[in-house]
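Pasting structure_28.pdb here (PDB, C-alpha atoms):
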ATOM      1  CA  MET V   1     104.629  34.706 -51.731
ATOM      2  CA  ASN V   2     102.277  32.809 -49.455
ATOM      3  CA  VAL V   3      98.609  33.566 -49.918
ATOM      4  CA  ASN V   4      96.217  32.878 -47.038
ATOM      5  CA  ILE V   5      93.536  30.303 -47.906
ATOM      6  CA  ARG V   6      90.924  32.466 -46.265
ATOM      7  CA  TYR V   7      91.561  35.102 -48.908
ATOM      8  CA  TYR V   8      90.536  32.659 -51.649
ATOM      9  CA  VAL V   9      87.477  31.585 -49.732
ATOM     10  CA  LEU V  10      86.315  35.142 -49.178
ATOM     11  CA  THR V  11      87.009  36.022 -52.814
ATOM     12  CA  ILE V  12      85.009  33.068 -54.111
ATOM     13  CA  ALA V  13      82.226  33.829 -51.649
ATOM     14  CA  ALA V  14      82.161  37.455 -52.793
ATOM     15  CA  ILE V  15      81.977  36.371 -56.439
ATOM     16  CA  PHE V  16      79.040  34.058 -55.793
ATOM     17  CA  MET V  17      77.327  36.689 -53.688
ATOM     18  CA  ALA V  18      77.718  39.211 -56.483
ATOM     19  CA  LEU V  19      76.315  36.694 -58.969
ATOM     20  CA  GLY V  20      73.395  36.015 -56.632
ATOM     21  CA  ILE V  21      72.671  39.706 -56.177
ATOM     22  CA  GLY V  22      72.828  40.229 -59.924
ATOM     23  CA  ILE V  23      70.449  37.323 -60.575
ATOM     24  CA  PHE V  24      68.078  38.609 -57.872
ATOM     25  CA  ILE V  25      68.104  42.147 -59.283
ATOM     26  CA  GLY V  26      67.504  40.836 -62.791
ATOM     27  CA  PHE V  27      64.632  38.650 -61.548
ATOM     28  CA  MET V  28      63.084  41.555 -59.683
ATOM     29  CA  LEU V  29      63.329  43.809 -62.715
ATOM     30  CA  ASP V  30      61.772  41.165 -64.923
ATOM     31  CA  GLY V  31      59.095  40.425 -62.298
ATOM     32  CA  GLN V  32      58.266  44.097 -61.974
ATOM     33  CA  LYS V  33      57.749  44.225 -65.688
ATOM     34  CA  VAL V  34      55.441  41.196 -65.578
ATOM     35  CA  PHE V  35      53.556  42.688 -62.592
ATOM     36  CA  SER V  36      53.190  45.985 -64.427
ATOM     37  CA  GLU V  37      51.790  44.178 -67.465
ATOM     38  CA  GLN V  38      49.366  42.183 -65.307
ATOM     39  CA  GLN V  39      48.291  45.334 -63.483
ATOM     40  CA  GLU V  40      47.598  47.072 -66.754
ATOM     41  CA  THR V  41      45.584  44.065 -67.976
ATOM     42  CA  ILE V  42      43.496  44.054 -64.773
ATOM     43  CA  ILE V  43      42.858  47.790 -65.052
ATOM     44  CA  ASN V  44      41.708  47.375 -68.645
ATOM     45  CA  GLN V  45      39.394  44.521 -67.622
ATOM     46  CA  LEU V  46      37.937  46.587 -64.758
ATOM     47  CA  GLU V  47      37.375  49.545 -67.056
ATOM     48  CA  GLN V  48      35.551  47.297 -69.530
ATOM     49  CA  LYS V  49      33.512  45.749 -66.730
ATOM     50  CA  PHE V  50      32.582  49.194 -65.474
ATOM     51  CA  LYS V  51      31.450  50.195 -68.967
ATOM     52  CA  ASP V  52      29.371  46.998 -69.193
ATOM     53  CA  ILE V  53      27.784  47.769 -65.819
ATOM     54  CA  GLN V  54      27.022  51.331 -66.911
ATOM     55  CA  THR V  55      25.352  50.004 -70.053
ATOM     56  CA  GLU V  56      23.393  47.409 -68.088
ATOM     57  CA  ASN V  57      22.334  50.024 -65.524
ATOM     58  CA  SER V  58      21.138  52.323 -68.272
ATOM     59  CA  ASN V  59      19.131  49.476 -69.830
ATOM     60  CA  LEU V  60      17.610  48.626 -66.440
ATOM     61  CA  LYS V  61      16.613  52.254 -65.889
ATOM     62  CA  ASP V  62      14.910  52.267 -69.276
ATOM     63  CA  ASN V  63      13.108  49.017 -68.405
ATOM     64  CA  VAL V  64      12.005  50.396 -65.024
ATOM     65  CA  GLN V  65      10.645  53.535 -66.655
ATOM     66  CA  SER V  66       8.788  51.434 -69.212
ATOM     67  CA  LEU V  67       7.353  49.141 -66.518
ATOM     68  CA  ASN V  68       6.327  52.133 -64.392
ATOM     69  CA  LYS V  69       4.463  53.566 -67.359
ATOM     70  CA  GLN V  70       2.714  50.233 -67.920
ATOM     71  CA  LEU V  71       1.872  50.029 -64.211
ATOM     72  CA  ASP V  72       0.487  53.546 -64.286
ATOM     73  CA  TYR V  73      -1.660  52.629 -67.296
ATOM     74  CA  MET V  74      -2.912  49.504 -65.492
ATOM     75  CA  ASN V  75      -3.728  51.498 -62.359
ATOM     76  CA  GLN V  76      -5.646  54.035 -64.424
ATOM     77  CA  TYR V  77      -7.444  51.218 -66.195
ATOM     78  CA  GLY V  78      -8.297  49.584 -62.838
ATOM     79  CA  LYS V  79      -9.676  52.827 -61.411
ATOM     80  CA  ILE V  80     -11.887  53.266 -64.456
ATOM     81  CA  VAL V  81     -13.076  49.666 -64.736
ATOM     82  CA  PHE V  82     -13.334  48.744 -61.034
ATOM     83  CA  PRO V  83     -16.558  50.665 -60.282
ATOM     84  CA  GLU V  84     -18.250  48.854 -63.179
ATOM     85  CA  LEU V  85     -16.917  45.488 -62.014
ATOM     86  CA  VAL V  86     -18.375  45.747 -58.526
ATOM     87  CA  LYS V  87     -21.370  47.998 -59.112
ATOM     88  CA  GLY V  88     -24.419  46.764 -57.219
ATOM     89  CA  ARG V  89     -22.837  43.546 -56.029
ATOM     90  CA  LEU V  90     -23.244  44.432 -52.329
ATOM     91  CA  ASN V  91     -26.454  46.451 -52.493
ATOM     92  CA  GLY V  92     -28.134  46.630 -49.101
ATOM     93  CA  VAL V  93     -25.287  44.960 -47.186
ATOM     94  CA  LYS V  94     -24.509  46.752 -43.908
ATOM     95  CA  VAL V  95     -20.819  46.466 -43.030
ATOM     96  CA  ALA V  96     -18.955  47.067 -39.784
ATOM     97  CA  ILE V  97     -15.240  47.721 -40.338
ATOM     98  CA  ILE V  98     -12.998  46.921 -37.371
ATOM     99  CA  GLU V  99      -9.352  48.018 -37.564
ATOM    100  CA  THR V 100      -7.434  46.289 -34.771
ATOM    101  CA  ASN V 101      -4.634  48.857 -34.592
ATOM    102  CA  ASN V 102      -4.017  52.355 -35.906
ATOM    103  CA  ASP V 103      -0.903  51.581 -37.962
ATOM    104  CA  PHE V 104      -2.684  51.959 -41.300
ATOM    105  CA  ILE V 105      -5.321  54.011 -43.087
ATOM    106  CA  TYR V 106      -7.868  52.213 -45.286
ATOM    107  CA  PRO V 107      -9.631  54.741 -47.538
ATOM    108  CA  GLY V 108      -9.487  52.324 -50.483
ATOM    109  CA  LEU V 109     -11.310  49.668 -48.475
ATOM    110  CA  ARG V 110     -14.195  51.978 -47.605
ATOM    111  CA  ASN V 111     -14.467  53.404 -51.126
ATOM    112  CA  ALA V 112     -14.524  49.905 -52.622
ATOM    113  CA  LEU V 113     -17.379  48.788 -50.380
ATOM    114  CA  MET V 114     -19.424  51.900 -51.143
ATOM    115  CA  LYS V 115     -18.841  51.533 -54.902
ATOM    116  CA  ALA V 116     -20.169  47.979 -54.588
ATOM    117  CA  GLY V 117     -23.323  49.365 -53.004
ATOM    118  CA  ALA V 118     -22.637  48.416 -49.381
ATOM    119  CA  THR V 119     -23.516  50.659 -46.457
ATOM    120  CA  ILE V 120     -20.717  51.183 -43.936
ATOM    121  CA  SER V 121     -22.652  51.187 -40.701
ATOM    122  CA  SER V 122     -19.622  51.736 -38.470
ATOM    123  CA  VAL V 123     -15.834  52.021 -38.387
ATOM    124  CA  THR V 124     -14.026  51.040 -35.187
ATOM    125  CA  ILE V 125     -10.288  51.542 -34.701
ATOM    126  CA  PHE V 126      -8.521  50.051 -31.686
ATOM    127  CA  LYS V 127      -5.843  52.304 -30.176
ATOM    128  CA  ASP V 128      -2.423  51.140 -28.952
ATOM    129  CA  ASP V 129      -3.227  52.357 -25.412
ATOM    130  CA  LEU V 130      -4.970  49.040 -24.727
ATOM    131  CA  ASN V 131      -1.561  47.366 -24.550
ATOM    132  CA  ASN V 132      -0.317  49.746 -21.842
ATOM    133  CA  LEU V 133      -3.047  50.023 -19.224
ATOM    134  CA  ASP V 134      -1.948  50.640 -15.638
ATOM    135  CA  GLN V 135      -3.738  48.976 -12.733
ATOM    136  CA  SER V 136      -6.119  51.864 -12.058
ATOM    137  CA  GLU V 137      -7.173  51.898 -15.735
ATOM    138  CA  LYS V 138      -7.711  48.150 -15.653
ATOM    139  CA  ASP V 139      -9.828  48.434 -12.509
ATOM    140  CA  ASP V 140     -11.928  51.155 -14.126
ATOM    141  CA  LEU V 141     -12.378  49.059 -17.260
ATOM    142  CA  ILE V 142     -13.395  46.023 -15.190
ATOM    143  CA  THR V 143     -15.997  48.110 -13.369
ATOM    144  CA  ASN V 144     -17.547  49.307 -16.628
ATOM    145  CA  LEU V 145     -17.490  45.920 -18.366
ATOM    146  CA  SER V 146     -19.008  44.260 -15.306
ATOM    147  CA  LYS V 147     -22.225  46.123 -16.055
ATOM    148  CA  TYR V 148     -22.768  43.757 -18.960
ATOM    149  CA  GLY V 149     -21.938  40.446 -17.281
ATOM    150  CA  ASN V 150     -19.108  38.529 -15.660
ATOM    151  CA  ILE V 151     -15.601  39.641 -16.663
ATOM    152  CA  ASP V 152     -12.418  37.576 -16.605
ATOM    153  CA  SER V 153      -9.903  40.058 -15.170
ATOM    154  CA  ASN V 154      -7.040  37.849 -16.365
ATOM    155  CA  HIS V 155      -8.257  38.239 -19.944
ATOM    156  CA  LEU V 156      -9.578  41.776 -19.769
ATOM    157  CA  ILE V 157      -8.915  42.988 -23.333
ATOM    158  CA  GLU V 158     -10.220  39.709 -24.754
ATOM    159  CA  SER V 159     -13.476  40.257 -22.840
ATOM    160  CA  LEU V 160     -13.616  43.843 -24.082
ATOM    161  CA  SER V 161     -13.128  42.723 -27.706
ATOM    162  CA  GLU V 162     -15.891  40.147 -27.437
ATOM    163  CA  LYS V 163     -18.373  42.532 -25.839
ATOM    164  CA  LEU V 164     -17.599  45.330 -28.292
ATOM    165  CA  THR V 165     -18.186  42.943 -31.212
ATOM    166  CA  GLU V 166     -21.578  42.080 -29.730
ATOM    167  CA  VAL V 167     -22.450  45.780 -29.395
ATOM    168  CA  LEU V 168     -21.429  46.517 -33.005
ATOM    169  CA  VAL V 169     -23.571  43.673 -34.312
ATOM    170  CA  THR V 170     -26.675  44.019 -32.137
ATOM    171  CA  GLY V 171     -26.652  47.715 -31.270
ATOM    172  CA  GLN V 172     -27.400  46.920 -27.638
ATOM    173  CA  ASP V 173     -25.377  48.461 -24.782
ATOM    174  CA  GLY V 174     -24.153  51.215 -27.082
ATOM    175  CA  GLU V 175     -23.014  53.294 -24.105
ATOM    176  CA  LEU V 176     -19.954  51.017 -23.955
ATOM    177  CA  ILE V 177     -18.764  52.572 -27.218
ATOM    178  CA  THR V 178     -19.147  56.056 -25.772
ATOM    179  CA  TYR V 179     -17.120  55.065 -22.703
ATOM    180  CA  LEU V 180     -14.310  53.453 -24.754
ATOM    181  CA  LYS V 181     -14.173  56.404 -27.122
ATOM    182  CA  ASP V 182     -14.061  58.943 -24.277
ATOM    183  CA  LYS V 183     -11.217  56.991 -22.638
ATOM    184  CA  GLY V 184      -9.254  57.029 -25.890
ATOM    185  CA  TYR V 185      -9.246  53.244 -26.269
ATOM    186  CA  ILE V 186     -10.996  53.304 -29.631
ATOM    187  CA  ASP V 187     -11.982  55.653 -32.432
ATOM    188  CA  PHE V 188     -15.531  55.144 -33.616
ATOM    189  CA  THR V 189     -17.775  56.584 -36.327
ATOM    190  CA  GLY V 190     -21.187  55.432 -37.433
ATOM    191  CA  THR V 191     -24.034  53.626 -35.721
ATOM    192  CA  PRO V 192     -23.800  50.192 -34.079
ATOM    193  CA  GLY V 193     -26.325  47.472 -34.891
ATOM    194  CA  ASN V 194     -27.962  45.965 -37.984
ATOM    195  CA  THR V 195     -24.600  44.566 -39.090
ATOM    196  CA  ASP V 196     -24.700  42.048 -41.940
ATOM    197  CA  PHE V 197     -20.946  41.625 -42.381
ATOM    198  CA  ILE V 198     -17.740  42.380 -40.474
ATOM    199  CA  VAL V 199     -14.527  43.351 -42.263
ATOM    200  CA  LEU V 200     -11.621  42.819 -39.875
ATOM    201  CA  ALA V 201      -8.574  44.878 -40.892
ATOM    202  CA  GLY V 202      -5.424  43.554 -39.237
ATOM    203  CA  GLY V 203      -1.696  43.340 -39.798
ATOM    204  CA  SER V 204       0.816  45.372 -37.838
ATOM    205  CA  ASN V 205       4.127  47.187 -38.026
ATOM    206  CA  LEU V 206       4.941  46.183 -34.444
ATOM    207  CA  LYS V 207       5.672  42.682 -33.222
ATOM    208  CA  ASN V 208       3.936  43.409 -29.922
ATOM    209  CA  ASN V 209       0.472  43.667 -31.438
ATOM    210  CA  ASN V 210      -3.181  43.076 -30.646
ATOM    211  CA  LEU V 211      -3.624  39.810 -32.553
ATOM    212  CA  ASN V 212      -4.324  37.454 -29.663
ATOM    213  CA  ILE V 213      -6.180  39.879 -27.399
ATOM    214  CA  VAL V 214      -8.284  41.675 -30.008
ATOM    215  CA  ASP V 215      -8.468  39.953 -33.407
ATOM    216  CA  ILE V 216      -8.984  36.349 -32.324
ATOM    217  CA  PRO V 217     -11.708  37.194 -29.760
ATOM    218  CA  ILE V 218     -13.524  39.284 -32.396
ATOM    219  CA  ILE V 219     -13.444  36.378 -34.850
ATOM    220  CA  ARG V 220     -14.734  33.910 -32.281
ATOM    221  CA  GLN V 221     -17.498  36.231 -31.108
ATOM    222  CA  SER V 222     -18.653  36.974 -34.652
ATOM    223  CA  LYS V 223     -19.020  33.242 -35.244
ATOM    224  CA  ILE V 224     -21.045  32.885 -32.042
ATOM    225  CA  LEU V 225     -23.297  35.704 -33.289
ATOM    226  CA  ASN V 226     -23.467  34.032 -36.708
ATOM    227  CA  VAL V 227     -22.268  37.139 -38.530
ATOM    228  CA  PRO V 228     -20.038  36.621 -41.606
ATOM    229  CA  ILE V 229     -16.515  38.020 -41.197
ATOM    230  CA  VAL V 230     -13.558  38.417 -43.565
ATOM    231  CA  GLY V 231      -9.982  39.312 -42.618
ATOM    232  CA  VAL V 232      -7.957  41.817 -44.638
ATOM    233  CA  GLU V 233      -4.615  43.590 -44.453
ATOM    234  CA  GLN V 234      -2.358  45.701 -46.639
ATOM    235  CA  SER V 235       0.299  44.111 -48.820
ATOM    236  CA  ASP V 236       3.198  45.900 -47.074
ATOM    237  CA  VAL V 237       2.564  45.028 -43.404
ATOM    238  CA  LYS V 238       5.656  43.963 -41.455
ATOM    239  CA  TYR V 239       3.807  41.403 -39.339
ATOM    240  CA  SER V 240       1.044  39.618 -41.209
ATOM    241  CA  TYR V 241      -2.060  38.254 -39.441
ATOM    242  CA  MET V 242      -3.147  36.124 -42.387
ATOM    243  CA  ASP V 243      -1.836  32.811 -41.093
ATOM    244  CA  ALA V 244      -3.582  33.328 -37.738
ATOM    245  CA  TYR V 245      -6.805  34.280 -39.538
ATOM    246  CA  ARG V 246      -6.618  31.170 -41.717
ATOM    247  CA  LYS V 247      -6.247  28.996 -38.624
ATOM    248  CA  GLN V 248      -9.571  30.449 -37.487
ATOM    249  CA  HIS V 249     -11.049  29.272 -40.825
ATOM    250  CA  LEU V 250     -11.486  32.820 -42.032
ATOM    251  CA  SER V 251     -11.558  33.969 -45.645
ATOM    252  CA  THR V 252      -8.799  36.522 -46.177
ATOM    253  CA  VAL V 253      -7.506  39.185 -48.568
ATOM    254  CA  ASP V 254      -3.904  40.265 -47.931
ATOM    255  CA  ASN V 255      -3.563  43.040 -50.531
ATOM    256  CA  ILE V 256      -6.577  45.203 -49.728
ATOM    257  CA  ASP V 257      -4.615  48.341 -50.695
ATOM    258  CA  THR V 258      -4.845  47.301 -54.372
ATOM    259  CA  ILE V 259      -7.690  47.206 -56.879
ATOM    260  CA  ILE V 260      -7.207  43.440 -57.178
ATOM    261  CA  GLY V 261      -7.521  42.983 -53.415
ATOM    262  CA  GLN V 262     -10.603  45.192 -53.240
ATOM    263  CA  THR V 263     -12.214  43.190 -56.039
ATOM    264  CA  SER V 264     -11.396  39.992 -54.161
ATOM    265  CA  LEU V 265     -13.029  41.381 -51.012
ATOM    266  CA  VAL V 266     -16.290  42.128 -52.810
ATOM    267  CA  MET V 267     -16.325  38.636 -54.304
ATOM    268  CA  VAL V 268     -15.584  37.009 -50.931
ATOM    269  CA  MET V 269     -18.469  38.945 -49.411
ATOM    270  CA  GLN V 270     -20.645  37.498 -52.166
ATOM    271  CA  GLY V 271     -19.762  33.995 -51.035
ATOM    272  CA  LYS V 272     -16.463  33.175 -52.719
ATOM    273  CA  ASP V 273     -14.679  31.817 -49.645
ATOM    274  CA  GLY V 274     -10.900  31.434 -49.757
ATOM    275  CA  ASN V 275      -7.579  33.112 -49.039
ATOM    276  CA  TYR V 276      -6.606  35.587 -51.732
ATOM    277  CA  GLY V 277      -3.647  37.858 -52.404
ATOM    278  CA  ILE V 278       0.103  37.733 -52.856
ATOM    279  CA  LYS V 279       1.448  36.056 -49.711
ATOM    280  CA  ALA V 280       2.303  32.482 -48.807
ATOM    281  CA  GLY V 281      -0.681  30.267 -48.078
ATOM    282  CA  ASP V 282      -3.116  32.068 -50.370
ATOM    283  CA  THR V 283      -5.591  30.106 -52.501
ATOM    284  CA  ALA V 284      -5.042  32.383 -55.501
ATOM    285  CA  ILE V 285      -4.396  36.004 -56.432
ATOM    286  CA  MET V 286      -8.194  36.487 -56.554
ATOM    287  CA  PRO V 287     -11.403  34.425 -56.969
ATOM    288  CA  ASP V 288     -11.944  33.048 -60.459
ATOM    289  CA  SER V 289     -15.698  33.565 -60.681
ATOM    290  CA  PHE V 290     -15.687  37.077 -62.108
ATOM    291  CA  ILE V 291     -15.682  35.914 -65.717
ATOM    292  CA  GLU V 292     -18.678  33.681 -65.031
ATOM    293  CA  TYR V 293     -20.395  36.553 -63.213
ATOM    294  CA  GLN V 294     -19.732  38.973 -66.053
ATOM    295  CA  GLN V 295     -20.995  36.458 -68.627
ATOM    296  CA  ASN V 296     -24.198  36.107 -66.647
ATOM    297  CA  GLN V 297     -24.561  39.897 -66.479
ATOM    298  CA  ASN V 298     -24.041  40.179 -70.233
ATOM    299  CA  GLN V 299     -26.516  37.367 -70.871
ATOM    300  CA  ASN V 300     -29.100  39.068 -68.654
ATOM    301  CA  LYS V 301     -28.658  42.297 -70.604
ATOM    302  CA  THR V 302     -29.027  40.389 -73.881
ATOM    303  CA  ASN V 303     -32.177  38.670 -72.687
ATOM    304  CA  SER V 304     -33.545  42.000 -71.483
ATOM    305  CA  ASN V 305     -32.918  43.588 -74.859
ATOM    306  CA  GLU V 306     -34.552  40.664 -76.664
ATOM    307  CA  VAL V 307     -37.662  41.036 -74.503
ATOM    308  CA  LYS V 308     -37.838  44.711 -75.392
TER     309      LYS V 308
END
If you convert what's in this file into structure tokens, what do you get?
Amino acid sequence: MNVNIRYYVLTIAAIFMALGIGIFIGFMLDGQKVFSEQQETIINQLEQKFKDIQTENSNLKDNVQSLNKQLDYMNQYGKIVFPELVKGRLNGVKVAIIETNNDFIYPGLRNALMKAGATISSVTIFKDDLNNLDQSEKDDLITNLSKYGNIDSNHLIESLSEKLTEVLVTGQDGELITYLKDKGYIDFTGTPGNTDFIVLAGGSNLKNNNLNIVDIPIIRQSKILNVPIVGVEQSDVKYSYMDAYRKQHLSTVDNIDTIIGQTSLVMVMQGKDGNYGIKAGDTAIMPDSFIEYQQNQNQNKTNSNEVK
């Protein structure tokens, strides 16, 4: 019986194919087992990691609660001690506060100055409308400012800032304040004139701000008038003015919304020049002369008691 060679070839090929399929199936089954074991190991590791994270998160929450309690205690301590720290240190000083935009409210600033014995002679707040004057409003403003001298129409708001600073310091041409207030360009309370010190409150939440057209002219004019000026802002402003103030050789406090910043302000107004607060470029967190001042106060009390 003659057997075709192709039959043998196909048979052998089928045998090897069957062997290959069997090896492949066995490998896959074994691999699936290994994969299943690895998957289980990974799941166990993830579960353990999740438990560790939960534990860590719980510990962090406890730490945050503890720190918040400590912070609350420190704030209460500051509120109690602060009035005694600054009492009488600015007696008789008449202060003009100028806020160069209406992004923030500064009740802490005003309270701190009054607790130190200062008199707030005026509070001026520039409104955002000054950045959006149409031509008719500019013409009207030029007409009114021209009453007090030559006006550079190309630098209108700068001229306004300079003249307003002069009015706040000297008290002359006070009708300008009435005009600006009636037009809605500023908010104003108090009485202009007899200003011993200017507190310039800047910083902004908008990039398109009044820094170059309001703040810088005010600083320059105050120096011309020989009136001391300090620049302040809150710790959480989005666009800080502190670097620009420092370039004008101004003492600054960049955390005026805190007890520490308010203490720094009082000390700066007593002559402790520098840049204080929590931001880059500051001299220190606050002036370092308080301990010396307090020692002198205690010594004076001791001497007074000995005399008695």
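You will find CA of Met269 (chain V) at 27.1 Å from CA of Ser159 (chain V).
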Problem - Chain and number of each residue from the PyMOL selection byres ((chain V and resi 110-127) around 9), as a PyMOL selection string - result: chain V and resi 82-102+106-109+128-131+168+184-195+210+214+259+262-263+265-266
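Going from CA of Val81 (chain V) over to CA of Phe104 (chain V), you cover 25.7 Å.
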Exercise for the section: Compile the contact shell of region 140-146 of chain V as number ranges by chain: residues with an atom at most 12 Å away, counting all atoms listed in the file, same-chain residues fewer than 5 positions apart removed. Expected result: V: 130, 133-135, 151-164, 173, 175-180, 183, 185
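Across the model, the gap from CA of Lys138 (chain V) to CA of Gln248 (chain V) is 28.2 Å.
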Determine, using all atoms listed in the file, which residues of region 244-282 of chain V have any atom at most 6 Å from an atom of region 218-240 of chain V, and tabulate each with its shortest atom pair and distance in Å to one decimal place, rows ordered by chain and then rising number, as a Markdown table.
| residue | atom | partner | partner_atom | distance |
| --- | --- | --- | --- | --- |
| V:Ser251 | CA | V:Val230 | CA | 5.3 |
| V:Thr252 | CA | V:Gly231 | CA | 4.7 |
| V:Val253 | CA | V:Val232 | CA | 4.8 |
| V:Asp254 | CA | V:Glu233 | CA | 4.9 |
| V:Asn255 | CA | V:Ser235 | CA | 4.4 |
| V:Ile256 | CA | V:Gln234 | CA | 5.3 |
| V:Asp257 | CA | V:Gln234 | CA | 5.3 |
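Closest approach to Tyr245 (chain V) among V:Asp282, V:Asp273, V:Asp103, V:Asp215: V:Asp215, based on only C-alpha atoms.
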Return as lines of an AutoDock Vina configuration file the box centre and box size in Å, one decimal, for an axis-aligned box around all listed atoms of region 268-286 of chain V padded by 8 Å per side.
center_x = -9.2
center_y = 34.5
center_z = -52.3
size_x = 38.9
size_y = 24.8
size_z = 24.5
Handout entry: Shortest interatomic distance to Ala201 (chain V) - which of V:Ile213, V:Glu56, V:Gln172, V:Ile105, counting only C-alpha atoms
Key = V:Ile105
